[in-house]
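Peer 1: Below is the file coords03.txt, with compact mmCIF, C-alpha atoms.
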```txt
# COMPACT_ATOMS: atom_id res chain seq x y z
CA MET A 1 -45.85 11.63 -19.51
CA THR A 2 -47.80 11.47 -16.27
CA CYS A 3 -47.73 14.24 -13.68
CA GLU A 4 -46.07 11.92 -11.19
CA LYS A 5 -43.25 11.20 -13.58
CA ALA A 6 -42.91 14.85 -14.56
CA MET A 7 -42.79 15.91 -10.91
CA SER A 8 -40.02 13.43 -10.15
CA LEU A 9 -37.95 14.80 -13.00
CA MET A 10 -38.66 18.45 -12.26
CA SER A 11 -35.45 19.35 -10.46
CA ALA A 12 -33.30 17.58 -13.05
CA TYR A 13 -35.24 19.41 -15.75
CA LEU A 14 -34.65 22.69 -13.93
CA ASP A 15 -30.93 21.90 -13.73
CA LYS A 16 -30.80 20.76 -17.38
CA GLU A 17 -29.47 17.43 -16.19
CA LEU A 18 -31.86 15.31 -18.24
CA GLY A 19 -31.26 13.48 -21.48
CA PHE A 20 -32.74 15.00 -24.63
CA ASP A 21 -35.82 12.72 -24.76
CA GLU A 22 -36.78 13.14 -21.11
CA PHE A 23 -36.14 16.86 -21.29
CA ARG A 24 -38.47 17.20 -24.30
CA GLN A 25 -41.17 15.10 -22.60
CA VAL A 26 -41.12 17.21 -19.43
CA GLU A 27 -41.11 20.37 -21.50
CA LEU A 28 -44.19 19.22 -23.45
CA HIS A 29 -45.91 18.19 -20.23
CA LEU A 30 -45.31 21.57 -18.61
CA ALA A 31 -46.80 23.29 -21.64
CA TYR A 32 -50.29 22.02 -20.79
CA CYS A 33 -50.14 21.01 -17.07
CA GLU A 34 -50.77 23.92 -14.72
CA ALA A 35 -50.05 21.94 -11.51
CA CYS A 36 -46.70 20.77 -12.75
CA SER A 37 -45.88 24.26 -13.97
CA GLN A 38 -46.49 25.62 -10.48
CA GLU A 39 -44.31 22.89 -9.05
CA TYR A 40 -41.63 23.88 -11.48
CA GLU A 41 -41.85 27.57 -10.60
CA SER A 42 -41.73 26.96 -6.87
CA LEU A 43 -38.70 24.70 -7.17
CA LYS A 44 -37.02 27.27 -9.36
CA ALA A 45 -37.71 29.96 -6.75
CA THR A 46 -36.29 27.74 -4.03
CA LYS A 47 -33.16 27.20 -6.05
CA GLU A 48 -32.82 30.93 -6.62
CA LEU A 49 -33.28 31.54 -2.93
CA LEU A 50 -30.37 29.23 -2.18
CA GLY A 51 -28.37 31.19 -4.71
CA THR A 52 -28.70 34.31 -2.56
CA LEU A 53 -26.42 32.81 0.05
CA ARG A 54 -23.06 34.52 -0.22
CA ALA A 55 -19.91 32.49 -0.09
CA ALA A 56 -18.07 33.08 3.15
CA ASP A 57 -14.44 34.13 3.22
CA LEU A 58 -11.87 31.78 4.60
CA PRO A 59 -11.06 32.62 8.23
CA ARG A 60 -7.77 34.46 8.51
CA GLU A 61 -6.30 31.86 10.83
CA PHE A 62 -7.28 28.98 8.56
CA TRP A 63 -3.94 28.48 6.80
CA PRO A 64 -1.58 29.42 9.64
CA GLU A 65 -3.26 26.83 11.80
CA LEU A 66 -3.42 24.23 9.05
CA ARG A 67 0.21 24.85 8.10
CA GLU A 68 1.22 24.06 11.63
CA ARG A 69 -0.82 20.85 11.67
CA LEU A 70 0.52 19.82 8.26
CA GLY A 71 4.07 20.47 9.41
CA ALA A 72 3.56 18.20 12.39
CA VAL A 73 2.17 15.45 10.16
CA ALA A 74 5.03 15.85 7.67
CA ALA A 75 7.62 15.64 10.43
CA GLU A 76 5.95 12.54 11.80
CA GLU A 77 5.89 10.93 8.34
CA ARG A 78 9.54 11.74 7.72
CA VAL A 79 10.52 10.06 10.98
CA ALA A 80 8.15 7.12 10.78
CA PRO A 81 9.50 5.59 7.51
CA ALA A 82 13.09 5.94 8.72
CA ARG A 83 12.19 4.33 12.02
CA ALA A 84 10.36 1.52 10.24
CA LYS A 85 13.29 1.03 7.85
CA PHE A 86 15.77 0.87 10.74
CA ALA A 87 13.62 -1.63 12.62
CA SER A 88 13.22 -3.72 9.49
CA SER A 89 16.96 -3.78 8.73
CA ALA A 90 17.74 -4.65 12.34
CA ARG A 91 15.33 -7.56 12.17
CA GLN A 92 16.85 -8.73 8.86
CA SER A 93 20.45 -8.52 10.05
CA SER A 94 19.69 -10.49 13.18
CA SER A 95 17.86 -13.11 11.17
CA ARG A 96 20.73 -13.33 8.67
CA GLN A 97 23.33 -14.07 11.36
CA PRO A 98 24.48 -17.67 11.50
CA ARG A 99 23.65 -19.54 14.67
CA TRP A 100 27.25 -19.73 15.71
CA ARG A 101 27.34 -15.98 16.04
CA GLY A 102 24.99 -16.37 18.91
CA ILE A 103 27.37 -18.76 20.62
CA LEU A 104 30.49 -16.64 20.13
CA ARG A 105 28.81 -13.32 20.87
CA PRO A 106 29.70 -12.11 24.39
CA ALA A 107 26.79 -11.86 26.74
CA SER A 108 25.49 -8.33 27.00
CA GLY A 109 23.80 -8.78 30.36
CA GLY A 110 25.23 -9.90 33.66
CA GLY A 111 23.24 -13.13 33.66
CA GLY A 112 23.99 -16.31 31.77
CA GLY A 113 26.83 -15.76 29.28
CA SER A 114 27.51 -17.60 26.07
CA LEU A 115 29.71 -20.66 25.81
CA PHE A 116 32.98 -18.84 25.03
CA SER A 117 32.61 -15.79 27.18
CA SER A 118 35.01 -16.77 30.02
CA PRO A 119 38.78 -15.93 29.71
CA MET A 120 39.85 -19.54 30.25
CA ALA A 121 37.64 -20.72 27.43
CA LYS A 122 39.11 -18.03 25.19
CA ALA A 123 42.63 -19.50 25.81
CA LEU A 124 41.55 -23.09 25.40
CA VAL A 125 39.87 -22.65 22.04
CA PRO A 126 43.11 -21.94 20.03
CA ALA A 127 44.92 -24.79 21.83
CA PHE A 128 42.16 -27.17 20.93
CA LEU A 129 42.29 -26.08 17.28
CA VAL A 130 46.08 -26.67 17.13
CA LEU A 131 45.62 -30.14 18.60
CA VAL A 132 43.00 -31.04 16.04
CA LEU A 133 45.22 -29.87 13.16
CA ALA A 134 48.19 -31.90 14.46
CA ALA A 135 46.15 -35.07 14.84
CA LEU A 136 44.54 -34.78 11.43
CA PRO A 137 47.36 -36.47 9.35
CA MET A 138 47.48 -39.44 11.71
CA VAL A 139 43.77 -39.92 11.47
CA TRP A 140 44.02 -39.49 7.71
CA SER A 141 46.70 -42.16 7.20
CA THR A 142 44.92 -44.60 9.50
CA ARG A 143 41.79 -44.17 7.50
CA ARG A 144 43.65 -44.73 4.19
CA ARG A 145 45.33 -48.04 5.04
CA PRO A 146 42.33 -50.27 4.69
CA ALA A 147 41.70 -48.80 1.26
CA GLU A 148 45.22 -49.67 0.00
CA ALA A 149 44.99 -53.16 1.45
CA GLN A 150 41.72 -53.60 -0.37
CA VAL A 151 43.31 -52.50 -3.69
CA SER A 152 46.31 -54.81 -3.18
CA SER A 153 44.18 -57.80 -2.39
CA ARG A 154 42.13 -57.12 -5.44
CA ILE A 155 45.25 -57.06 -7.62
CA ASP A 156 46.54 -60.20 -5.99
CA SER A 157 43.39 -61.95 -6.95
CA ILE A 158 43.70 -61.11 -10.65
CA GLU A 159 47.50 -61.34 -10.94
CA PRO A 160 47.58 -65.11 -11.59
CA TYR A 161 45.26 -64.68 -14.51
CA PHE A 162 47.48 -62.10 -16.20
CA ARG A 163 50.61 -64.06 -15.54
CA ASP A 164 49.17 -67.19 -17.02
CA TYR A 165 47.87 -65.29 -19.98
CA VAL A 166 51.25 -63.72 -20.80
CA ILE A 167 53.00 -67.09 -20.51
CA SER A 168 50.47 -68.77 -22.72
CA GLU A 169 50.84 -66.03 -25.30
CA TYR A 170 54.58 -66.51 -25.25
CA ASP A 171 54.23 -70.18 -25.85
CA ARG A 172 51.88 -69.88 -28.80
CA PRO A 173 53.63 -70.07 -32.22
CA LEU A 174 51.85 -67.14 -33.83
CA SER A 175 52.15 -64.91 -30.88
CA ASP A 176 54.12 -61.69 -31.32
CA LYS A 177 55.85 -62.59 -28.15
CA THR A 178 55.14 -59.19 -26.78
CA SER A 179 53.44 -58.55 -23.54
CA VAL A 180 53.44 -55.84 -20.95
CA GLY A 181 53.09 -56.08 -17.30
CA PHE A 182 53.05 -53.90 -14.23
CA VAL A 183 54.29 -54.53 -10.80
CA VAL A 184 52.27 -52.70 -8.24
CA THR A 185 53.84 -52.41 -4.85
CA GLY A 186 52.95 -50.31 -1.90
CA GLN A 187 55.36 -47.60 -3.07
CA ALA A 188 55.50 -47.71 -6.87
CA VAL A 189 54.20 -49.14 -10.11
CA THR A 190 56.79 -50.68 -12.41
CA MET A 191 56.20 -51.67 -16.02
CA TYR A 192 57.56 -54.85 -17.59
CA THR A 193 57.36 -55.97 -21.18
CA SER A 194 58.14 -59.26 -22.90
CA ASP A 195 59.97 -57.35 -25.66
CA LEU A 196 62.91 -57.21 -23.42
CA LEU A 197 63.18 -60.94 -23.58
CA GLY A 198 65.79 -61.95 -26.01
CA PRO A 199 65.56 -65.16 -28.08
CA SER A 200 67.95 -66.87 -25.74
CA SER A 201 66.19 -65.75 -22.69
CA LYS A 202 64.54 -68.41 -20.78
CA VAL A 203 61.28 -67.82 -19.24
CA THR A 204 60.23 -70.15 -16.64
CA ARG A 205 56.58 -70.81 -16.07
CA ALA A 206 57.13 -70.16 -12.46
CA SER A 207 58.11 -66.53 -12.87
CA GLY A 208 56.16 -65.93 -16.07
CA LEU A 209 58.13 -62.89 -17.22
CA ARG A 210 61.58 -61.55 -16.87
CA GLU A 211 61.70 -58.21 -15.16
CA ALA A 212 62.87 -55.19 -17.18
CA SER A 213 64.39 -53.81 -14.06
CA PRO A 214 65.33 -55.66 -10.99
CA LEU A 215 62.47 -56.04 -8.64
CA PRO A 216 63.05 -55.50 -5.02
CA PRO A 217 63.50 -58.71 -3.15
CA ASN A 218 60.24 -60.32 -2.38
CA THR A 219 60.62 -60.17 1.29
CA ALA A 220 58.04 -59.77 3.94
CA GLY A 221 56.83 -56.23 4.21
CA ASN A 222 57.73 -55.41 0.59
CA GLU A 223 55.22 -57.28 -1.43
CA TYR A 224 54.68 -56.75 -5.09
CA THR A 225 52.11 -57.78 -7.56
CA LEU A 226 52.62 -58.54 -11.22
CA ILE A 227 49.97 -57.53 -13.65
CA SER A 228 50.47 -58.12 -17.34
CA TYR A 229 48.46 -58.12 -20.51
CA PRO A 230 49.22 -58.38 -24.25
CA ARG A 231 50.23 -55.23 -26.01
CA MET B 1 -7.31 20.56 -13.55
CA LEU B 2 -4.98 19.91 -10.68
CA ASN B 3 -1.64 18.49 -11.63
CA THR B 4 -1.86 15.40 -9.47
CA GLU B 5 1.42 14.06 -10.81
CA ALA B 6 3.15 17.07 -9.32
CA LEU B 7 1.24 16.52 -6.12
CA ALA B 8 2.43 12.92 -6.01
CA GLY B 9 5.99 14.08 -6.43
CA VAL B 10 5.93 16.37 -3.44
CA ARG B 11 5.56 13.64 -0.86
CA TYR B 12 8.41 13.22 1.57
CA ARG B 13 10.33 16.18 0.26
CA GLU B 14 11.50 18.96 2.45
CA ASN B 15 9.06 21.53 1.11
CA ASP B 16 6.13 19.20 0.55
CA VAL B 17 3.83 21.10 2.90
CA ARG B 18 4.43 24.33 1.02
CA VAL B 19 3.84 22.68 -2.36
CA PHE B 20 0.76 20.89 -1.04
CA GLU B 21 -0.61 24.21 0.15
CA GLU B 22 -0.01 25.81 -3.24
CA LEU B 23 -1.78 22.98 -5.01
CA VAL B 24 -4.86 22.81 -2.80
CA ARG B 25 -5.28 26.54 -2.32
CA ARG B 26 -7.74 26.61 -5.19
CA TYR B 27 -10.17 24.46 -3.22
CA ASP B 28 -9.82 25.84 0.28
CA ARG B 29 -12.60 28.44 0.14
CA LYS B 30 -15.01 26.11 -1.61
CA LEU B 31 -14.24 23.38 0.88
CA TYR B 32 -14.73 25.75 3.80
CA ASN B 33 -18.08 26.93 2.42
CA VAL B 34 -19.36 23.39 1.96
CA ALA B 35 -18.28 22.69 5.54
CA LEU B 36 -19.96 25.89 6.71
CA ARG B 37 -23.26 25.00 5.01
CA LEU B 38 -23.08 21.46 6.36
CA THR B 39 -22.33 22.41 9.95
CA GLY B 40 -23.84 25.89 10.18
CA ASN B 41 -21.01 26.83 12.51
CA PRO B 42 -17.84 28.73 11.43
CA ASP B 43 -15.56 27.12 14.00
CA GLU B 44 -16.80 23.64 13.24
CA ALA B 45 -16.58 24.35 9.52
CA LYS B 46 -12.98 25.51 9.85
CA ASP B 47 -12.05 22.40 11.76
CA LEU B 48 -13.87 20.14 9.30
CA ALA B 49 -12.15 21.71 6.28
CA GLN B 50 -8.74 21.61 7.95
CA GLU B 51 -9.19 18.01 8.97
CA ALA B 52 -10.27 17.07 5.43
CA LEU B 53 -7.11 18.66 4.01
CA LEU B 54 -4.98 16.92 6.60
CA ARG B 55 -6.52 13.60 5.70
CA ALA B 56 -5.92 14.31 2.02
CA TYR B 57 -2.28 15.04 2.78
CA ARG B 58 -1.85 11.95 4.92
CA GLY B 59 -3.73 9.62 2.61
CA PHE B 60 -2.45 10.87 -0.71
CA SER B 61 -0.87 7.49 -1.44
CA ARG B 62 -4.40 6.13 -1.76
CA PHE B 63 -5.41 8.76 -4.31
CA GLN B 64 -5.52 7.36 -7.85
CA LEU B 65 -3.48 9.57 -10.12
CA GLY B 66 -5.37 10.75 -13.18
CA THR B 67 -8.72 10.90 -11.36
CA SER B 68 -10.28 14.07 -10.01
CA PHE B 69 -8.49 15.34 -6.94
CA GLU B 70 -11.36 17.73 -6.28
CA LYS B 71 -13.93 14.92 -6.09
CA TRP B 72 -11.61 12.94 -3.86
CA LEU B 73 -11.11 15.89 -1.53
CA PHE B 74 -14.82 16.66 -1.22
CA ARG B 75 -15.54 12.97 -0.70
CA ILE B 76 -13.13 13.00 2.22
CA ALA B 77 -14.88 16.05 3.66
CA SER B 78 -18.35 14.52 3.20
CA ASN B 79 -17.38 11.23 4.78
CA LEU B 80 -15.66 13.04 7.61
CA TYR B 81 -18.77 15.05 8.37
CA ILE B 82 -21.03 11.99 8.20
CA ASP B 83 -18.69 10.19 10.62
CA ARG B 84 -18.85 13.12 13.01
CA LEU B 85 -22.63 13.18 12.82
CA ARG B 86 -22.76 9.51 13.73
CA LYS B 87 -20.55 10.09 16.73
CA GLN B 88 -22.61 13.09 17.81
CA ARG B 89 -25.80 11.03 17.90
CA ASN B 90 -24.91 9.95 21.38
CA VAL B 91 -24.40 13.55 22.50
CA ARG B 92 -27.42 15.32 23.96
CA PHE B 93 -28.09 18.77 22.58
CA GLU B 94 -29.74 21.48 24.59
CA SER B 95 -31.91 23.98 22.76
CA LEU B 96 -31.14 27.64 23.37
CA ASP B 97 -34.74 28.59 22.63
CA GLU B 98 -36.50 26.28 25.07
CA PRO B 99 -37.48 27.82 28.40
CA VAL B 100 -35.95 26.33 31.50
CA PRO B 101 -38.42 24.67 33.88
CA THR B 102 -38.09 25.95 37.46
CA ALA B 103 -40.04 25.48 40.70
CA SER B 104 -41.90 28.76 40.09
CA GLY B 105 -42.60 28.05 36.44
CA GLN B 106 -40.75 28.30 33.14
CA VAL B 107 -38.06 30.94 32.64
CA GLU B 108 -36.64 32.12 29.33
CA LYS B 109 -32.90 31.67 28.95
CA ALA B 110 -30.81 34.83 29.07
CA LEU B 111 -28.25 34.63 26.30
CA PRO B 112 -25.25 36.91 25.98
CA ASP B 113 -25.33 39.27 23.02
CA TRP B 114 -21.94 39.72 21.36
CA SER B 115 -22.95 41.87 18.39
CA ASN B 116 -22.55 45.66 18.36
CA ASN B 117 -25.80 46.29 16.54
CA PRO B 118 -28.05 43.28 16.89
CA GLU B 119 -30.98 44.67 14.98
CA ASP B 120 -28.96 45.49 11.90
CA VAL B 121 -27.16 42.20 11.98
CA ALA B 122 -30.43 40.34 12.45
CA GLU B 123 -32.02 42.13 9.51
CA GLN B 124 -29.07 41.53 7.24
CA ASN B 125 -28.68 37.93 8.12
CA GLU B 126 -32.27 36.94 8.67
CA LEU B 127 -32.74 35.33 5.28
CA ALA B 128 -29.31 33.72 5.32
CA ASP B 129 -30.01 32.35 8.78
CA GLU B 130 -33.36 31.02 7.70
CA ILE B 131 -31.85 29.32 4.69
CA GLN B 132 -29.05 27.91 6.81
CA ALA B 133 -31.53 26.67 9.38
CA ALA B 134 -33.61 25.09 6.63
CA LEU B 135 -30.49 23.41 5.25
CA GLN B 136 -29.59 22.15 8.70
CA SER B 137 -32.99 20.54 9.02
CA LEU B 138 -32.52 18.41 5.90
CA PRO B 139 -31.44 14.78 6.15
CA ILE B 140 -27.70 14.64 5.62
CA ASN B 141 -27.85 12.95 2.20
CA TYR B 142 -30.26 15.55 0.83
CA ARG B 143 -28.30 18.35 2.44
CA LEU B 144 -25.04 17.22 0.89
CA ALA B 145 -26.55 16.89 -2.57
CA VAL B 146 -28.26 20.30 -2.45
CA ILE B 147 -25.22 22.10 -1.07
CA LEU B 148 -22.88 20.56 -3.63
CA TYR B 149 -25.19 21.39 -6.54
CA ASP B 150 -26.98 24.61 -5.64
CA LEU B 151 -24.29 26.30 -3.61
CA GLU B 152 -21.01 24.97 -4.97
CA GLY B 153 -21.93 24.28 -8.58
CA PHE B 154 -20.89 20.64 -8.93
CA SER B 155 -22.63 18.69 -11.71
CA TYR B 156 -24.82 15.66 -11.04
CA GLU B 157 -22.05 13.45 -12.37
CA GLU B 158 -19.47 15.03 -10.10
CA ILE B 159 -21.77 14.67 -7.12
CA SER B 160 -22.33 11.01 -7.93
CA GLY B 161 -18.54 10.63 -7.86
CA ILE B 162 -18.19 12.49 -4.58
CA LEU B 163 -21.02 10.69 -2.82
CA ARG B 164 -20.39 7.40 -4.60
CA CYS B 165 -23.95 6.87 -5.71
CA SER B 166 -25.76 6.75 -9.06
CA ILE B 167 -26.79 9.87 -10.95
CA GLY B 168 -30.40 8.76 -10.46
CA THR B 169 -29.85 8.84 -6.71
CA VAL B 170 -28.27 12.28 -6.94
CA ARG B 171 -31.24 13.50 -8.96
CA SER B 172 -33.66 12.12 -6.42
CA ARG B 173 -31.80 13.54 -3.42
CA ILE B 174 -31.59 17.02 -4.91
CA HIS B 175 -35.25 16.98 -5.83
CA ARG B 176 -36.41 15.79 -2.42
CA GLY B 177 -34.09 18.19 -0.67
CA ARG B 178 -35.43 21.13 -2.63
CA ARG B 179 -39.00 20.17 -1.94
CA LEU B 180 -38.28 20.03 1.78
CA LEU B 181 -36.51 23.37 1.60
CA ARG B 182 -39.46 24.84 -0.24
CA GLU B 183 -41.70 23.87 2.65
CA LYS B 184 -39.31 25.27 5.25
CA LEU B 185 -38.78 28.49 3.34
CA ALA B 186 -42.34 28.93 2.15
CA PRO B 187 -42.59 32.58 3.31
CA TYR B 188 -39.56 33.48 1.22
CA VAL B 189 -40.33 31.46 -1.87
CA LYS B 190 -42.03 33.71 -4.38
CA PRO B 191 -42.49 31.89 -7.65
CA ALA B 192 -42.99 33.94 -10.77
CA ALA B 193 -46.62 34.35 -11.64
CA ALA B 194 -46.21 33.37 -15.23
CA ALA B 195 -45.14 29.82 -15.91
CA GLY B 196 -44.03 30.94 -19.34
CA ALA B 197 -41.08 32.75 -17.75
CA ARG B 198 -39.09 29.52 -17.83
CA TRP B 199 -35.68 29.76 -19.43
```
Go ahead and render the structure in this file as structure tokens.
Peer 2:
Amino acid sequence: MTCEKAMSLMSAYLDKELGFDEFRQVELHLAYCEACSQEYESLKATKELLGTLRAADLPREFWPELRERLGAVAAEERVAPARAKFASSARQSSSRQPRWRGILRPASGGGGGSLFSSPMAKALVPAFLVLVLAALPMVWSTRRRPAEAQVSSRIDSIEPYFRDYVISEYDRPLSDKTSVGFVVTGQAVTMYTSDLLGPSSKVTRASGLREASPLPPNTAGNEYTLISYPR
Amino acid sequence: MLNTEALAGVRYRENDVRVFEELVRRYDRKLYNVALRLTGNPDEAKDLAQEALLRAYRGFSRFQLGTSFEKWLFRIASNLYIDRLRKQRNVRFESLDEPVPTASGQVEKALPDWSNNPEDVAEQNELADEIQAALQSLPINYRLAVILYDLEGFSYEEISGILRCSIGTVRSRIHRGRRLLREKLAPYVKPAAAAGARW
């Protein structure tokens, strides 16, 4: 080990803060190097001199003063989280409110109020709601009529096919002479079957089937549609 | 070792200040002495130590449980002092020893004497004052390392944790600091004549 290296490790050697190998190398070096030995002794004396400094006692006022400062910090920290929590919840509740709450909420200031803040508006709102509820069935029925007309016209278009089919089945020799049919009117659906036809019954091609129950007269405003198919 | 789990549990309780005080009491004198050796001034040392404890109390949520609270606390104090030194660089200091230049020549400053028996006090504290003055003259990094090792008994490893540097750096700082102190305190350093007196 060189003197330079030994010198650089001298304090760590003095403090026994070297690894085993380095410690042994410095120790061997000091055994024959006078200059490094003097360096070692002077550093050791310096360290011992520092050791003569006595530890000072804590000033008497240290903890009373610190306790006061800590108390102030603790009080501040107890308030701060609560304040932050309150502010946070206030922000969340306002952000959770639906937009309509903003419209209905009375104005807090004297300036521009919300839409429903005047007394007249407050009286008109329930009246308007009642009106809407009363008009709803009328609007509903009006909207349904086109749908029923569409269904009826659709049935009308297929009714001739079923009627012809039932009649043709009746005429065929091997047919079981049984058919079923429905009359769909605006008010009801009525079922008809060919079983009800007795052997003596006459079925005209014009009517196709005999009704199981009397149909309402086919007058204007009371239309019916016959639908039938083999059973 | 400090029960840091218990320390963590005291936060935001009614008596947390009292419990905090109980837990850190074991370090207060050591902390004050490090501050005293760093600053060389009892009032400044008291303020530094108090401020370090306040910061530890405030910032305890950043302390990693299971690690050394003592290292953490002394790191806070060291960093705090270094920050203060940086701020003080812009402040001009006036020496009490320098004579004041006047129109009729230089005049020695007349300083008030607050001690009852100045000679006795001077004799008793001469060496301590010299050592303190020598410490004050060291660069801050050397001063910190020497104070923590030679005066407060931390190990190299602990100092590396406090100062957040390698053990090699700690070793170097202590060595250089001691060599500078040896020069400053040359009249008081009396090495043993025989090198064989080691260990």
Peer 1: For Pro59 in chain A, list every protein, DNA or RNA residue within 9 Å, evaluated using all atoms listed in the file, and leave out those in the same chain fewer than 3 positions away; present the list as a PDB file with C-alpha atoms, in the frame of the given file.
Peer 2:
```
ATOM      1  CA  ALA A  56     -18.070  33.080   3.150  1.00  0.00           C
ATOM      2  CA  PHE A  62      -7.280  28.980   8.560  1.00  0.00           C
ATOM      3  CA  TRP A  63      -3.940  28.480   6.800  1.00  0.00           C
TER       4      TRP A  63
ATOM      5  CA  TYR B  32     -14.730  25.750   3.800  1.00  0.00           C
ATOM      6  CA  PRO B  42     -17.840  28.730  11.430  1.00  0.00           C
ATOM      7  CA  LYS B  46     -12.980  25.510   9.850  1.00  0.00           C
TER       8      LYS B  46
END
```
Peer 1: Near chain B, meaning an atom within 10 Å, which residues of chain A appear when counting all atoms listed in the file? Write them as an mmCIF file with C-alpha atoms, in the coordinates of the input.
Peer 2:
```
data_model
loop_
_atom_site.group_PDB
_atom_site.id
_atom_site.type_symbol
_atom_site.label_atom_id
_atom_site.label_comp_id
_atom_site.auth_asym_id
_atom_site.auth_seq_id
_atom_site.Cartn_x
_atom_site.Cartn_y
_atom_site.Cartn_z
ATOM 1 C CA MET A 7 -42.790 15.910 -10.910
ATOM 2 C CA SER A 8 -40.020 13.430 -10.150
ATOM 3 C CA LEU A 9 -37.950 14.800 -13.000
ATOM 4 C CA MET A 10 -38.660 18.450 -12.260
ATOM 5 C CA SER A 11 -35.450 19.350 -10.460
ATOM 6 C CA ALA A 12 -33.300 17.580 -13.050
ATOM 7 C CA TYR A 13 -35.240 19.410 -15.750
ATOM 8 C CA LEU A 14 -34.650 22.690 -13.930
ATOM 9 C CA ASP A 15 -30.930 21.900 -13.730
ATOM 10 C CA GLU A 17 -29.470 17.430 -16.190
ATOM 11 C CA LEU A 18 -31.860 15.310 -18.240
ATOM 12 C CA LEU A 30 -45.310 21.570 -18.610
ATOM 13 C CA ALA A 31 -46.800 23.290 -21.640
ATOM 14 C CA GLU A 34 -50.770 23.920 -14.720
ATOM 15 C CA CYS A 36 -46.700 20.770 -12.750
ATOM 16 C CA SER A 37 -45.880 24.260 -13.970
ATOM 17 C CA GLN A 38 -46.490 25.620 -10.480
ATOM 18 C CA GLU A 39 -44.310 22.890 -9.050
ATOM 19 C CA TYR A 40 -41.630 23.880 -11.480
ATOM 20 C CA GLU A 41 -41.850 27.570 -10.600
ATOM 21 C CA SER A 42 -41.730 26.960 -6.870
ATOM 22 C CA LEU A 43 -38.700 24.700 -7.170
ATOM 23 C CA LYS A 44 -37.020 27.270 -9.360
ATOM 24 C CA ALA A 45 -37.710 29.960 -6.750
ATOM 25 C CA THR A 46 -36.290 27.740 -4.030
ATOM 26 C CA LYS A 47 -33.160 27.200 -6.050
ATOM 27 C CA GLU A 48 -32.820 30.930 -6.620
ATOM 28 C CA LEU A 49 -33.280 31.540 -2.930
ATOM 29 C CA LEU A 50 -30.370 29.230 -2.180
ATOM 30 C CA GLY A 51 -28.370 31.190 -4.710
ATOM 31 C CA THR A 52 -28.700 34.310 -2.560
ATOM 32 C CA LEU A 53 -26.420 32.810 0.050
ATOM 33 C CA ARG A 54 -23.060 34.520 -0.220
ATOM 34 C CA ALA A 55 -19.910 32.490 -0.090
ATOM 35 C CA ALA A 56 -18.070 33.080 3.150
ATOM 36 C CA ASP A 57 -14.440 34.130 3.220
ATOM 37 C CA LEU A 58 -11.870 31.780 4.600
ATOM 38 C CA PRO A 59 -11.060 32.620 8.230
ATOM 39 C CA GLU A 61 -6.300 31.860 10.830
ATOM 40 C CA PHE A 62 -7.280 28.980 8.560
ATOM 41 C CA TRP A 63 -3.940 28.480 6.800
ATOM 42 C CA GLU A 65 -3.260 26.830 11.800
ATOM 43 C CA LEU A 66 -3.420 24.230 9.050
ATOM 44 C CA ARG A 67 0.210 24.850 8.100
ATOM 45 C CA GLU A 68 1.220 24.060 11.630
ATOM 46 C CA ARG A 69 -0.820 20.850 11.670
ATOM 47 C CA LEU A 70 0.520 19.820 8.260
ATOM 48 C CA GLY A 71 4.070 20.470 9.410
ATOM 49 C CA ALA A 72 3.560 18.200 12.390
ATOM 50 C CA VAL A 73 2.170 15.450 10.160
ATOM 51 C CA ALA A 74 5.030 15.850 7.670
ATOM 52 C CA ALA A 75 7.620 15.640 10.430
ATOM 53 C CA GLU A 77 5.890 10.930 8.340
ATOM 54 C CA ARG A 78 9.540 11.740 7.720
ATOM 55 C CA PRO A 81 9.500 5.590 7.510
#
```
Peer 1: Which value, in Å to one decimal, gives the distance between CA of Lys122 in chain A and CA of Pro137 in chain A?
Peer 2: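 CA of Lys122 in chain A sits 25.7 Å away from CA of Pro137 in chain A.
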Peer 1: Choose the residue, out of B:Ile140, B:Ala134, B:Ala56, B:Leu38, that has the smallest atom-to-atom separation from Arg75 in chain B; count all atoms listed in the file.
Peer 2: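 Going through B:Ile140, B:Ala134, B:Ala56, B:Leu38 one by one, the smallest distance to Arg75 in chain B is for B:Ala56.
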Peer 1: CA of Ala52 in chain B and CA of Phe74 in chain B, how far apart in Å?
Peer 2: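 Pair CA of Phe74 in chain B / CA of Ala52 in chain B returns 8.1 Å.
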Peer 1: For CA of Arg62 in chain B and CA of Arg26 in chain B, determine how far apart the two atoms are, in Å to one decimal place.
Peer 2: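 Separation of CA of Arg62 in chain B and CA of Arg26 in chain B: 21.0 Å.
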